[in-house]
$ cat final_0.cif   # mmCIF, C-alpha atoms
data_work
loop_
_atom_site.label_atom_id
_atom_site.label_comp_id
_atom_site.auth_asym_id
_atom_site.auth_seq_id
_atom_site.Cartn_x
_atom_site.Cartn_y
_atom_site.Cartn_z
CA MET A 1 22.16 -18.37 -20.26
CA ASN A 2 20.79 -20.77 -17.62
CA SER A 3 17.30 -20.66 -16.12
CA PHE A 4 18.52 -18.81 -13.01
CA GLU A 5 20.01 -16.03 -15.11
CA LEU A 6 16.75 -15.75 -17.05
CA ILE A 7 14.77 -15.39 -13.81
CA GLU A 8 17.17 -12.67 -12.63
CA LYS A 9 17.00 -10.89 -15.99
CA TYR A 10 13.22 -10.82 -16.28
CA LEU A 11 12.28 -10.57 -12.60
CA PRO A 12 12.10 -6.72 -12.57
CA LYS A 13 9.58 -6.80 -15.44
CA ALA A 14 7.75 -9.67 -13.76
CA VAL A 15 7.49 -7.68 -10.53
CA ASP A 16 5.91 -4.83 -12.52
CA LYS A 17 3.44 -7.33 -13.99
CA TYR A 18 2.55 -8.72 -10.55
CA PHE A 19 1.95 -5.21 -9.25
CA TYR A 20 -0.32 -4.11 -12.07
CA GLU A 21 -2.30 -7.35 -11.94
CA ASP A 22 -2.51 -7.88 -8.18
CA SER A 23 -1.74 -4.59 -6.48
CA LYS A 24 -4.65 -2.42 -5.39
CA THR A 25 -2.54 0.76 -5.45
CA ALA A 26 -0.95 0.38 -8.88
CA ILE A 27 -3.53 2.82 -10.27
CA LEU A 28 -1.78 5.56 -8.26
CA GLU A 29 1.56 5.00 -10.02
CA GLN A 30 0.96 7.77 -12.53
CA GLY A 31 3.38 10.37 -11.22
CA SER A 32 6.41 8.29 -12.14
CA LYS A 33 7.41 10.67 -14.95
CA PHE A 34 8.39 13.15 -12.23
CA ILE A 35 10.53 10.57 -10.40
CA ASP A 36 14.10 9.58 -11.12
CA VAL A 37 14.23 6.06 -9.68
CA ASN A 38 17.64 5.54 -11.26
CA PHE A 39 19.15 8.21 -9.05
CA ASN A 40 22.56 6.81 -8.23
CA GLU A 41 22.16 6.78 -4.46
CA THR A 42 20.99 3.56 -2.83
CA GLY A 43 17.64 3.89 -1.08
CA TYR A 44 16.95 7.39 -2.43
CA VAL A 45 15.04 8.80 -5.39
CA LYS A 46 14.73 12.28 -6.86
CA ILE A 47 11.34 13.91 -7.30
CA ALA A 48 10.85 16.91 -9.57
CA SER A 49 8.85 19.93 -8.49
CA PHE A 50 7.99 22.77 -10.86
CA LEU A 51 7.87 26.48 -9.97
CA MET A 52 6.79 29.02 -12.56
CA ASP A 53 5.47 32.55 -12.90
CA GLY A 54 1.80 33.26 -13.54
CA LEU A 55 0.13 35.29 -16.26
CA SER A 56 0.82 38.97 -16.85
CA ASP A 57 -0.68 41.65 -19.08
CA TYR A 58 0.09 41.56 -22.79
CA TYR A 59 0.89 44.88 -24.49
CA GLN A 60 0.65 45.34 -28.22
CA THR A 61 3.89 46.07 -30.01
CA GLN A 62 4.56 49.82 -30.42
CA GLN A 63 1.41 50.61 -28.42
CA ASP A 64 1.29 54.12 -27.10
CA SER A 65 2.44 54.19 -23.51
CA ASN A 66 -0.68 56.08 -22.47
CA ASP A 67 -2.98 53.27 -23.62
CA PHE A 68 -4.02 50.71 -21.05
CA ILE A 69 -4.89 47.14 -21.93
CA ASN A 70 -6.43 46.49 -18.53
CA PRO A 71 -8.04 49.53 -16.83
CA GLY A 72 -6.81 50.13 -13.35
CA THR A 73 -3.39 48.52 -13.87
CA ALA A 74 -0.10 50.35 -13.96
CA ARG A 75 1.98 50.51 -17.09
CA PRO A 76 5.17 48.40 -16.95
CA ASP A 77 7.24 51.55 -16.79
CA SER A 78 5.02 53.22 -14.20
CA VAL A 79 5.52 53.34 -10.50
CA GLY A 80 4.29 50.05 -9.08
CA GLY A 81 4.56 48.25 -12.41
CA PRO A 82 6.99 45.42 -13.19
CA GLY A 83 9.32 47.73 -15.10
CA ALA A 84 10.00 47.91 -18.83
CA ALA A 85 12.93 45.50 -18.62
CA ALA A 86 10.50 42.77 -17.62
CA TYR A 87 9.10 42.71 -21.16
CA ALA A 88 10.46 40.93 -24.19
CA ALA A 89 10.82 44.09 -26.27
CA TYR A 90 11.15 47.62 -24.96
CA ALA A 91 12.93 50.90 -25.78
CA GLY A 92 16.67 50.42 -25.71
CA ASN A 93 16.53 46.77 -26.65
CA MET A 94 14.26 46.36 -29.63
CA ALA A 95 12.40 49.00 -31.64
CA SER A 96 10.93 51.95 -29.81
CA GLY A 97 8.25 52.45 -27.24
CA SER A 98 8.15 51.82 -23.57
CA ARG A 99 7.20 48.15 -23.65
CA ASP A 100 6.05 45.54 -26.14
CA GLY A 101 4.47 42.07 -26.12
CA PHE A 102 4.97 39.41 -23.49
CA ALA A 103 6.17 39.77 -19.92
CA ILE A 104 9.22 37.63 -19.36
CA GLY A 105 8.72 34.71 -16.96
CA GLY A 106 10.72 31.75 -15.81
CA VAL A 107 10.41 28.06 -14.98
CA ASP A 108 12.39 26.41 -12.20
CA VAL A 109 12.64 22.66 -11.87
CA LYS A 110 13.88 21.58 -8.49
CA TRP A 111 14.78 18.01 -7.63
CA GLU A 112 14.05 16.97 -4.08
CA ILE A 113 15.95 13.96 -2.77
CA PHE A 114 13.61 11.59 -0.95
CA ARG A 115 14.65 8.68 1.22
CA LEU A 116 12.39 5.67 0.74
CA GLN A 117 10.76 4.61 4.00
CA TRP A 118 11.28 0.88 3.66
CA VAL A 119 14.09 -1.42 2.64
CA ARG A 120 12.84 -4.98 2.82
CA GLY A 121 14.43 -8.24 1.81
CA ARG A 122 14.46 -11.99 2.23
CA GLN A 123 16.73 -14.90 1.50
CA PHE A 124 15.19 -18.26 0.66
CA ARG A 125 17.05 -21.54 0.90
CA ILE A 126 16.03 -24.60 -1.09
CA ASP A 127 17.87 -27.76 -0.12
CA TYR A 128 19.63 -29.46 -3.03
CA ILE A 129 18.88 -33.03 -1.96
CA ALA A 130 15.23 -32.36 -1.17
CA ASP A 131 14.62 -30.68 -4.53
CA GLU A 132 17.28 -32.23 -6.74
CA GLU A 133 14.98 -32.88 -9.66
CA THR A 134 12.54 -30.00 -9.21
CA ALA A 135 14.77 -27.13 -8.06
CA SER A 136 14.12 -25.01 -11.13
CA ILE A 137 10.36 -25.50 -10.85
CA THR A 138 10.43 -24.78 -7.12
CA ILE A 139 12.52 -21.66 -7.58
CA GLY A 140 10.36 -20.25 -10.36
CA ASN A 141 7.15 -20.83 -8.43
CA ALA A 142 8.67 -19.58 -5.18
CA VAL A 143 9.63 -16.28 -6.81
CA GLU A 144 6.17 -15.82 -8.33
CA GLU A 145 4.23 -16.75 -5.17
CA PHE A 146 6.50 -14.62 -3.00
CA ASN A 147 5.76 -11.54 -5.11
CA ARG A 148 2.02 -12.20 -5.38
CA THR A 149 1.33 -13.20 -1.78
CA LYS A 150 3.97 -11.32 0.22
CA VAL A 151 5.56 -8.40 -1.65
CA VAL A 152 2.50 -6.90 -3.36
CA PRO A 153 0.20 -6.99 -0.28
CA GLU A 154 2.90 -5.50 1.98
CA VAL A 155 3.57 -2.63 -0.41
CA ASP A 156 -0.18 -2.00 -0.67
CA VAL A 157 -0.70 -1.91 3.10
CA ALA A 158 2.27 0.44 3.50
CA ARG A 159 0.87 2.86 0.93
CA PHE A 160 -2.61 2.88 2.44
CA GLY A 161 -1.13 3.33 5.91
CA VAL A 162 0.85 6.40 4.83
CA ILE A 163 -2.12 7.96 3.04
CA ALA A 164 -4.31 7.46 6.12
CA SER A 165 -1.63 8.94 8.39
CA LYS A 166 -1.39 12.12 6.30
CA ALA A 167 -5.11 12.93 6.43
CA ASN A 168 -6.23 14.87 9.49
CA ALA A 169 -9.52 15.33 11.34
CA SER A 170 -8.74 19.00 11.98
CA LEU A 171 -8.22 19.55 8.28
CA GLY A 172 -11.52 17.82 7.57
CA ASN A 173 -10.36 14.91 5.44
CA TYR A 174 -10.13 12.19 8.13
CA LEU A 175 -13.28 10.68 9.62
CA SER A 176 -13.78 7.95 12.22
CA GLU A 177 -17.23 6.55 11.61
CA SER A 178 -19.55 3.61 11.10
CA ILE A 179 -21.49 3.45 7.84
CA SER A 180 -24.97 2.00 7.35
CA ALA A 181 -26.64 0.94 4.12
CA ASN A 182 -28.53 4.17 3.49
CA GLN A 183 -25.54 6.45 4.08
CA ILE A 184 -23.00 5.47 1.45
CA ILE A 185 -24.23 7.86 -1.27
CA GLY A 186 -24.13 10.80 1.13
CA LYS A 187 -20.67 9.80 2.38
CA PHE A 188 -19.22 9.68 -1.12
CA ASN A 189 -20.88 12.94 -2.15
CA THR A 190 -19.49 14.69 0.93
CA ALA A 191 -16.01 13.44 0.04
CA PHE A 192 -16.41 14.67 -3.55
CA GLU A 193 -17.57 18.07 -2.32
CA TRP A 194 -14.61 18.40 0.03
CA LEU A 195 -12.11 17.48 -2.69
CA THR A 196 -13.72 19.78 -5.24
CA GLU A 197 -13.58 22.68 -2.79
CA HIS A 198 -9.85 22.00 -2.57
CA GLU A 199 -9.52 22.03 -6.36
CA VAL A 200 -9.01 18.30 -6.87
CA PRO A 201 -10.43 17.48 -10.32
CA ALA A 202 -12.96 14.63 -10.43
CA GLU A 203 -11.02 12.87 -13.19
CA GLN A 204 -8.04 12.51 -10.85
CA GLN A 205 -10.02 10.92 -8.02
CA VAL A 206 -9.92 7.19 -7.24
CA ILE A 207 -12.18 5.50 -4.66
CA PHE A 208 -10.78 2.64 -2.56
CA VAL A 209 -13.26 0.64 -0.47
CA ASN A 210 -13.16 -2.36 1.86
CA PRO A 211 -15.37 -5.40 1.05
CA SER A 212 -18.08 -4.36 3.52
CA VAL A 213 -18.46 -0.96 1.90
CA MET A 214 -18.41 -2.60 -1.54
CA THR A 215 -21.34 -4.74 -0.41
CA LEU A 216 -23.19 -1.57 0.63
CA ILE A 217 -22.51 -0.12 -2.81
CA ARG A 218 -23.86 -3.18 -4.59
CA ASN A 219 -26.92 -3.35 -2.35
CA THR A 220 -27.78 0.35 -2.55
CA THR A 221 -30.30 0.54 -5.39
CA GLU A 222 -29.99 4.27 -5.98
CA LEU A 223 -26.20 4.15 -6.16
CA THR A 224 -26.04 1.22 -8.58
CA LYS A 225 -27.83 3.34 -11.16
CA PHE A 226 -24.65 5.38 -11.45
CA LEU A 227 -22.18 2.47 -11.58
CA THR A 228 -20.39 1.91 -14.87
CA GLN A 229 -17.63 -0.33 -16.19
CA ASP A 230 -14.56 1.14 -17.83
CA ASN A 231 -11.22 -0.06 -19.13
CA TYR A 232 -8.06 1.29 -17.57
CA ARG A 233 -4.56 1.08 -18.98
CA SER A 234 -1.70 1.05 -16.49
CA PRO A 235 1.57 2.94 -17.09
CA ALA A 236 3.09 -0.47 -17.96
CA GLY A 237 0.54 -0.93 -20.75
CA LEU A 238 -1.59 -3.58 -19.02
CA ASP A 239 -5.36 -3.29 -19.43
CA PHE A 240 -7.91 -4.12 -16.76
CA THR A 241 -11.54 -3.29 -16.09
CA VAL A 242 -12.64 -1.16 -13.15
CA GLU A 243 -16.04 -0.22 -11.80
CA LYS A 244 -16.80 3.50 -11.65
CA TYR A 245 -19.15 5.73 -9.69
CA MET A 246 -19.72 9.23 -11.04
CA GLY A 247 -16.71 8.74 -13.30
CA ARG A 248 -14.37 7.76 -10.46
CA PRO A 249 -12.77 4.27 -10.44
CA ILE A 250 -13.74 2.06 -7.49
CA ILE A 251 -11.05 -0.34 -6.26
CA GLU A 252 -12.12 -3.02 -3.76
CA VAL A 253 -9.35 -3.79 -1.27
CA PRO A 254 -9.23 -6.82 1.08
CA SER A 255 -9.37 -5.70 4.71
CA ASN A 256 -6.06 -7.43 5.42
CA ARG A 257 -4.39 -4.74 3.26
CA PHE A 258 -6.64 -1.84 4.22
CA PHE A 259 -6.00 -0.63 7.76
CA THR A 260 -4.24 2.17 9.60
CA ASN A 261 -0.98 2.02 11.52
CA PRO A 262 0.50 -1.19 10.04
CA VAL A 263 3.46 -2.83 11.77
CA PHE A 264 6.26 -4.25 9.61
CA THR A 265 7.94 -7.23 11.22
CA GLN A 266 10.70 -9.72 10.56
CA ASN A 267 8.04 -11.87 8.91
CA GLY A 268 5.82 -9.60 6.84
CA TYR A 269 3.33 -7.15 8.31
CA ARG A 270 0.39 -7.11 10.71
CA PRO A 271 -2.06 -4.69 12.37
CA ALA A 272 -0.98 -2.87 15.50
CA VAL A 273 -2.38 -4.02 18.85
CA SER A 274 -2.29 -1.58 21.75
CA SER A 275 -1.12 -4.15 24.33
CA THR A 276 2.04 -4.87 22.33
CA ASP A 277 2.46 -1.79 20.13
CA GLY A 278 0.99 1.05 22.17
CA ALA A 279 -1.65 1.76 19.52
CA ASP A 280 -4.33 -0.01 17.54
CA SER A 281 -5.04 -0.42 13.86
CA TYR A 282 -8.42 0.46 12.41
CA VAL A 283 -9.90 -0.95 9.24
CA ILE A 284 -10.31 1.74 6.58
CA ASN A 285 -13.88 2.09 5.31
CA TYR A 286 -12.97 3.97 2.16
CA MET A 287 -10.63 6.63 0.87
CA VAL A 288 -10.81 8.93 -2.13
CA VAL A 289 -7.36 9.79 -3.44
CA SER A 290 -6.09 12.05 -6.19
CA THR A 291 -3.65 10.35 -8.52
CA ARG A 292 -1.61 13.57 -8.40
CA ALA A 293 -1.50 13.78 -4.60
CA VAL A 294 0.23 10.49 -3.84
CA VAL A 295 3.53 9.36 -5.33
CA PRO A 296 4.17 5.67 -4.59
CA ILE A 297 7.68 4.47 -5.39
CA ARG A 298 9.21 1.03 -5.55
CA LYS A 299 12.61 -0.04 -6.71
CA LEU A 300 13.78 -3.64 -7.03
CA GLU A 301 17.33 -3.05 -5.89
CA TYR A 302 18.74 -6.54 -6.02
CA ASN A 303 17.76 -10.09 -6.93
CA LYS A 304 20.14 -12.98 -7.24
CA ILE A 305 19.96 -16.78 -7.32
CA TYR A 306 22.97 -18.82 -6.25
CA GLY A 307 23.38 -22.47 -7.20
CA PRO A 308 24.97 -25.18 -5.02
CA GLU A 309 28.46 -24.35 -6.27
CA MET A 310 28.23 -20.91 -4.67
CA SER A 311 25.90 -21.54 -1.75
CA GLY A 312 28.31 -24.13 -0.43
CA LEU A 313 30.64 -21.30 0.52
CA ALA A 314 28.04 -20.29 3.12
CA GLY A 315 27.93 -23.79 4.57
CA PHE A 316 24.67 -24.65 2.83
CA HIS A 317 24.23 -27.14 -0.01
CA GLY A 318 21.38 -25.98 -2.19
CA TYR A 319 19.95 -22.89 -3.81
CA LEU A 320 19.88 -19.40 -2.35
CA ILE A 321 17.47 -16.69 -3.52
CA ASN A 322 18.19 -13.12 -2.43
CA PHE A 323 15.53 -10.44 -2.92
CA LEU A 324 15.87 -6.77 -1.92
CA LEU A 325 13.19 -4.12 -2.45
CA TYR A 326 13.11 -0.41 -1.63
CA HIS A 327 9.71 1.23 -1.52
CA GLY A 328 8.03 4.30 -0.12
CA VAL A 329 5.27 6.86 -0.52
CA VAL A 330 5.46 10.63 -0.95
CA VAL A 331 2.47 12.82 -0.12
CA PRO A 332 3.68 16.42 -0.59
CA LYS A 333 2.42 18.87 2.03
CA ASN A 334 0.50 20.90 -0.49
CA LYS A 335 -1.15 17.73 -1.82
CA ILE A 336 -2.54 16.38 1.46
CA VAL A 337 -5.88 17.97 0.50
CA GLY A 338 -5.94 15.45 -2.36
CA THR A 339 -6.84 12.67 0.08
CA TYR A 340 -10.05 11.92 1.97
CA VAL A 341 -10.09 9.00 4.44
CA SER A 342 -12.87 7.27 6.40
CA VAL A 343 -11.90 4.65 8.99
CA SER A 344 -13.94 2.33 11.15
CA SER A 345 -14.78 3.68 14.59
CA ALA A 346 -14.13 0.25 16.14
CA THR A 347 -10.74 -1.35 16.80
CA THR A 348 -11.09 -4.04 14.18
CA GLY A 349 -7.67 -4.22 12.55
CA ALA A 350 -6.60 -7.42 14.29
CA ALA A 351 -9.99 -9.02 13.59
CA LYS A 352 -9.58 -8.57 9.83
CA SER A 353 -5.92 -9.44 9.30
CA ASN A 354 -3.47 -12.01 10.65
CA THR A 355 -6.30 -14.19 11.84
CA MET A 356 -6.41 -17.97 11.97
CA ALA A 357 -9.31 -20.39 11.78
CA LEU A 358 -8.87 -23.97 12.92
CA THR A 359 -10.97 -27.11 13.19
CA THR A 360 -10.30 -30.09 15.44
CA LEU A 361 -11.01 -33.81 15.20
CA ALA A 362 -11.38 -36.49 17.85
CA GLY A 363 -8.15 -38.25 18.73
CA ALA A 364 -7.54 -41.96 19.16
CA THR A 365 -7.34 -41.90 22.97
CA GLN A 366 -9.61 -40.58 25.69
CA TYR A 367 -9.95 -36.78 25.75
CA ALA A 368 -7.38 -36.46 22.93
CA TRP A 369 -7.96 -34.20 19.91
CA LYS A 370 -6.25 -33.59 16.57
CA VAL A 371 -5.76 -30.54 14.38
CA GLY A 372 -8.11 -30.62 11.40
CA GLN A 373 -8.09 -27.81 8.82
CA VAL A 374 -6.15 -24.58 9.31
CA TRP A 375 -6.69 -21.30 7.44
CA THR A 376 -4.94 -17.97 7.81
CA ASN A 377 -5.79 -14.49 6.60
CA PRO A 378 -3.83 -13.46 4.63
CA ALA A 379 -3.38 -16.95 3.24
CA GLY A 380 -0.12 -18.84 3.47
CA LEU A 381 1.25 -17.56 6.79
CA ARG A 382 4.01 -19.88 7.92
CA GLY A 383 4.76 -20.91 11.50
CA LYS A 384 4.17 -23.40 14.29
CA ILE A 385 0.65 -23.94 15.63
CA VAL A 386 0.60 -23.27 19.36
CA TYR A 387 -2.22 -23.45 21.87
CA SER A 388 -3.05 -22.68 25.46
CA TYR A 389 -5.91 -23.98 27.58
CA SER A 390 -5.99 -20.87 29.73
CA ASN A 391 -4.88 -17.71 27.88
CA ALA A 392 -5.60 -16.11 24.50
CA PHE A 393 -2.64 -15.19 22.30
CA VAL A 394 -1.92 -11.54 21.45
CA LEU A 395 -0.80 -10.57 17.98
CA GLY A 396 2.86 -9.52 17.99
CA ALA A 397 3.55 -10.82 21.48
CA SER A 398 6.46 -13.15 22.23
CA ALA A 399 5.73 -16.75 23.14
CA THR A 400 7.89 -19.71 24.14
CA ILE A 401 6.76 -23.28 23.67
CA GLY A 402 6.77 -25.08 27.01
CA SER A 403 6.58 -21.88 29.02
CA GLY A 404 3.54 -20.04 30.41
CA GLY A 405 1.17 -22.79 29.37
CA VAL A 406 2.10 -22.52 25.68
CA LEU A 407 2.10 -25.89 23.89
CA GLN A 408 2.75 -26.89 20.30
CA ALA A 409 -0.01 -28.64 18.35
CA PHE A 410 1.26 -31.28 15.95
CA GLU A 411 -0.89 -32.07 12.95
CA GLY A 412 -1.82 -35.68 12.36
CA VAL A 413 -1.17 -36.84 15.92
CA ASP A 414 -3.10 -36.83 19.19
CA ASN A 415 -2.87 -33.80 21.43
CA SER A 416 -3.72 -34.92 24.95
CA ALA A 417 -6.14 -33.18 27.30
CA THR A 418 -7.82 -33.83 30.63
CA SER A 419 -11.51 -34.15 31.23
CA GLY A 420 -11.78 -30.43 32.06
CA GLN A 421 -9.94 -29.15 28.99
CA THR A 422 -12.71 -28.75 26.45
CA THR A 423 -11.61 -25.50 24.79
CA ALA A 424 -8.30 -23.92 23.80
CA TYR A 425 -6.85 -20.72 22.33
CA PHE A 426 -4.65 -21.00 19.24
CA GLY A 427 -1.92 -18.95 17.62
CA LEU A 428 0.73 -19.15 14.91
CA LEU A 429 4.33 -18.72 16.08
CA ASP A 430 7.05 -17.66 13.64
CA ALA A 431 10.78 -18.33 13.71
CA SER A 432 11.44 -15.17 15.75
CA SER A 433 9.07 -16.41 18.50
CA LYS A 434 6.38 -13.85 17.68
CA ILE A 435 2.66 -14.55 17.33
CA ILE A 436 1.74 -13.71 13.72
CA ALA A 437 -1.90 -14.93 13.72
CA THR A 438 -4.50 -15.85 16.32
CA THR A 439 -7.96 -17.37 16.54
CA GLY A 440 -8.99 -14.35 18.59
CA SER A 441 -10.11 -13.79 22.14
CA SER A 442 -12.77 -16.51 22.09
CA ALA A 443 -11.72 -20.06 22.89
CA VAL A 444 -12.11 -22.79 20.25
CA THR A 445 -14.26 -25.76 21.24
CA LEU A 446 -12.27 -28.99 20.98
CA VAL A 447 -13.70 -32.04 19.29
CA ARG A 448 -12.29 -34.76 21.57
CA HIS A 449 -12.32 -38.50 21.94
CA ALA A 450 -15.04 -39.52 24.38
#
$ encode --input "final_0.cif" --output "structure tokens"
Amino acid sequence: MNSFELIEKYLPKAVDKYFYEDSKTAILEQGSKFIDVNFNETGYVKIASFLMDGLSDYYQTQQDSNDFINPGTARPDSVGGPGAAAYAAYAGNMASGSRDGFAIGGVDVKWEIFRLQWVRGRQFRIDYIADEETASITIGNAVEEFNRTKVVPEVDVARFGVIASKANASLGNYLSESISANQIIGKFNTAFEWLTEHEVPAEQQVIFVNPSVMTLIRNTTELTKFLTQDNYRSPAGLDFTVEKYMGRPIIEVPSNRFFTNPVFTQNGYRPAVSSTDGADSYVINYMVVSTRAVVPIRKLEYNKIYGPEMSGLAGFHGYLINFLLYHGVVVPKNKIVGTYVSVSSATTGAAKSNTMALTTLAGATQYAWKVGQVWTNPAGLRGKIVYSYSNAFVLGASATIGSGGVLQAFEGVDNSATSGQTTAYFGLLDASSKIIATTGSSAVTLVRHA
């Protein structure tokens, strides 16, 4: 078995490992015993739901029919009662007497077919000549980094987006608010009260918070008295430590995974922006979720690595990596009360995700400047650096280099400017000509040659 076959064989288990180590929502994957992910229908799974009868009166065997176990209730053979045939033993079947023992009940298990919301994939191409001696190393690292930095965060943001969309202000479990330092205890306690009133056990509740709220937690002296550390074992058997408040795990989530209304593109995901998407994304402050209310599902449908002998049939000489993932989230209607969501009252989604920071250096010629360091959030976004002296870039908008004042910035070389061009707006342009990150609405001051 060659190294490619080994990667294909162990990739499903590796993906599980990446999720339980790096995913912020893996703690919710506890309802999997009620899910048939091997359901033989591509893109669908089966979810079990249980229906069963409740308790009934118990009547002692051979008890006189005039005796009542519970005063005020009708005998099984009386008018208004369930009838003698509803009991396990009664006259005509077993022994004598009008009714004996246990009322007969039933259990129905119904399987609901659920179509997963997302089918996402990618093909990577690694040129044979460029990586002749390191192809195996490149492939192995590419698969690992792709799962850690692209797959896991996208699945997380999809799950949080669905949970947030199910909560409702009219129901009382969706709040749009700003939170100050002295409010966090009251906010959490109100959430706990609401969930308890809707019969969500405390031991099922998990708290997810953004970094700003986590800072409030750590800086709130009264709250820290109740913080504890505990070990948690995932369904895959991996152990990790979580912080707890009042017995509930606290999971800190980067803001670039923790916002409402995510948009899934041809190159990952991003927050929604009203000018391009008709709506905005809002950073989630915190959410308290029952592990029994949310059923996240993922299914690695296909992964395959083709060597040069096969990829050549497609007109490419090198290595091809195909990756296909189905995933989705189920929040049953009767479980929506198992979620409680607080979102920021400001439109801050685009300010916390798909952002770019950039420094400039003086060029070699008059007024020229060079690109210095470039960072993106999330890290590792890939595209061409573009800039404009007159207009800010909008996340998700189309842009064409050489049109509308859009220019490409080349790293390591001079980018020319005139005496009046002292600032510029920057963006990151992907292969589908969409802006996937921006430096925001404020212009960047250019460090230029005198």
$ closest_atom_pairs --input "final_0.cif" --of "stretch 169-273 of chain A" --to "stretch 372-385 of chain A" --cutoff "10 Å" --atoms "only C-alpha atoms" --output "tab-separated table"
residue	atom	partner	partner_atom	distance
A:Pro254	CA	A:Pro378	CA	9.3
A:Ser255	CA	A:Pro378	CA	9.5
A:Asn256	CA	A:Pro378	CA	6.5
A:Arg257	CA	A:Pro378	CA	8.8
A:Asn267	CA	A:Arg382	CA	9.0
A:Gly268	CA	A:Leu381	CA	9.2
A:Arg270	CA	A:Pro378	CA	9.8
$ atom_distance --input "final_0.cif" --atom1 "atom CA of A:Thr439" --atom2 "atom CA of A:Ala417"
19.2 Å
$ resolve_selection --input "final_0.cif" --expression "the PyMOL selection byres ((chain A and resi 335) around 10)" --output "PyMOL selection string"
chain A and resi 166+198+200+290+292-294+330-334+336-339
$ residues_around --input "final_0.cif" --residues "stretch 398-413 of chain A" --least-positions-apart "6" --cutoff "8 Å" --atoms "only C-alpha atoms" --output "ChimeraX atom specification"
/A:363,370-372,384-390,429,433-435
$ resolve_selection --input "final_0.cif" --expression "the PyMOL selection byres ((chain A and resi 348) around 9)" --output "mmCIF file with C-alpha atoms, in the coordinates of the input"
data_model
loop_
_atom_site.group_PDB
_atom_site.id
_atom_site.type_symbol
_atom_site.label_atom_id
_atom_site.label_comp_id
_atom_site.auth_asym_id
_atom_site.auth_seq_id
_atom_site.Cartn_x
_atom_site.Cartn_y
_atom_site.Cartn_z
ATOM 1 C CA PHE A 259 -6.000 -0.630 7.760
ATOM 2 C CA ASP A 280 -4.330 -0.010 17.540
ATOM 3 C CA SER A 281 -5.040 -0.420 13.860
ATOM 4 C CA TYR A 282 -8.420 0.460 12.410
ATOM 5 C CA VAL A 283 -9.900 -0.950 9.240
ATOM 6 C CA SER A 344 -13.940 2.330 11.150
ATOM 7 C CA SER A 345 -14.780 3.680 14.590
ATOM 8 C CA ALA A 346 -14.130 0.250 16.140
ATOM 9 C CA THR A 347 -10.740 -1.350 16.800
ATOM 10 C CA GLY A 349 -7.670 -4.220 12.550
ATOM 11 C CA ALA A 350 -6.600 -7.420 14.290
ATOM 12 C CA ALA A 351 -9.990 -9.020 13.590
ATOM 13 C CA LYS A 352 -9.580 -8.570 9.830
ATOM 14 C CA SER A 353 -5.920 -9.440 9.300
#
$ resolve_selection --input "final_0.cif" --expression "the PyMOL selection byres ((chain A and resi 287) around 8)" --output "PyMOL selection string"
chain A and resi 207-209+284-286+288-289+339-342
$ residues_around --input "final_0.cif" --residues "A:Val444" --least-positions-apart "4" --cutoff "7 Å" --atoms "all atoms listed in the file" --output "list in words"
Thr423, Ala424 and Tyr425 of chain A
$ residues_around --input "final_0.cif" --residues "stretch 154-158 of chain A" --least-positions-apart "4" --cutoff "8 Å" --atoms "all atoms listed in the file" --output "JSON, numbers by chain"
{"A": [23, 24, 25, 150, 162, 257, 258, 259, 262, 268, 269, 327, 328]}
$ atom_distance --input "final_0.cif" --atom1 "atom CA of A:Leu171" --atom2 "atom CA of A:Trp111"
28.0 Å
$ closest_residue --input "final_0.cif" --among "A:Ala167, A:Ser275, A:Met52, A:Ile126" --to "A:Asp108" --atoms "only C-alpha atoms"
A:Met52
$ atom_distance --input "final_0.cif" --atom1 "atom CA of A:Arg218" --atom2 "atom CA of A:Thr196"
25.1 Å
$ closest_residue --input "final_0.cif" --among "A:Asn415, A:Gln421, A:Asn391, A:Gln117" --to "A:Ser442" --atoms "only C-alpha atoms"
A:Asn391
$ closest_residue --input "final_0.cif" --among "A:Arg159, A:Arg120, A:Lys187, A:Lys110" --to "A:Ile297" --atoms "only C-alpha atoms"
A:Arg159
$ residues_near_point --input "final_0.cif" --point "(4.2, -8.2, 19.5)" --cutoff "8 Å" --atoms "all atoms listed in the file" --output "ChimeraX atom specification"
/A:273,276-277,394-398,434-435
$ residues_around --input "final_0.cif" --residues "A:Gly186" --least-positions-apart "6" --cutoff "12 Å" --atoms "only C-alpha atoms" --output "ChimeraX atom specification"
/A:179-180,192-193,217,220,222-223
$ closest_residue --input "final_0.cif" --among "A:Thr438, A:Glu144, A:Gln205, A:Val253" --to "A:Asn354" --atoms "all atoms listed in the file"
A:Thr438
$ closest_residue --input "final_0.cif" --among "A:Ile251, A:Asn173, A:Val109, A:Ala357" --to "A:Pro211" --atoms "all atoms listed in the file"
A:Ile251
$ closest_residue --input "final_0.cif" --among "A:Ser441, A:Gln123, A:Asn147, A:Gln266" --to "A:Leu300" --atoms "all atoms listed in the file"
A:Asn147
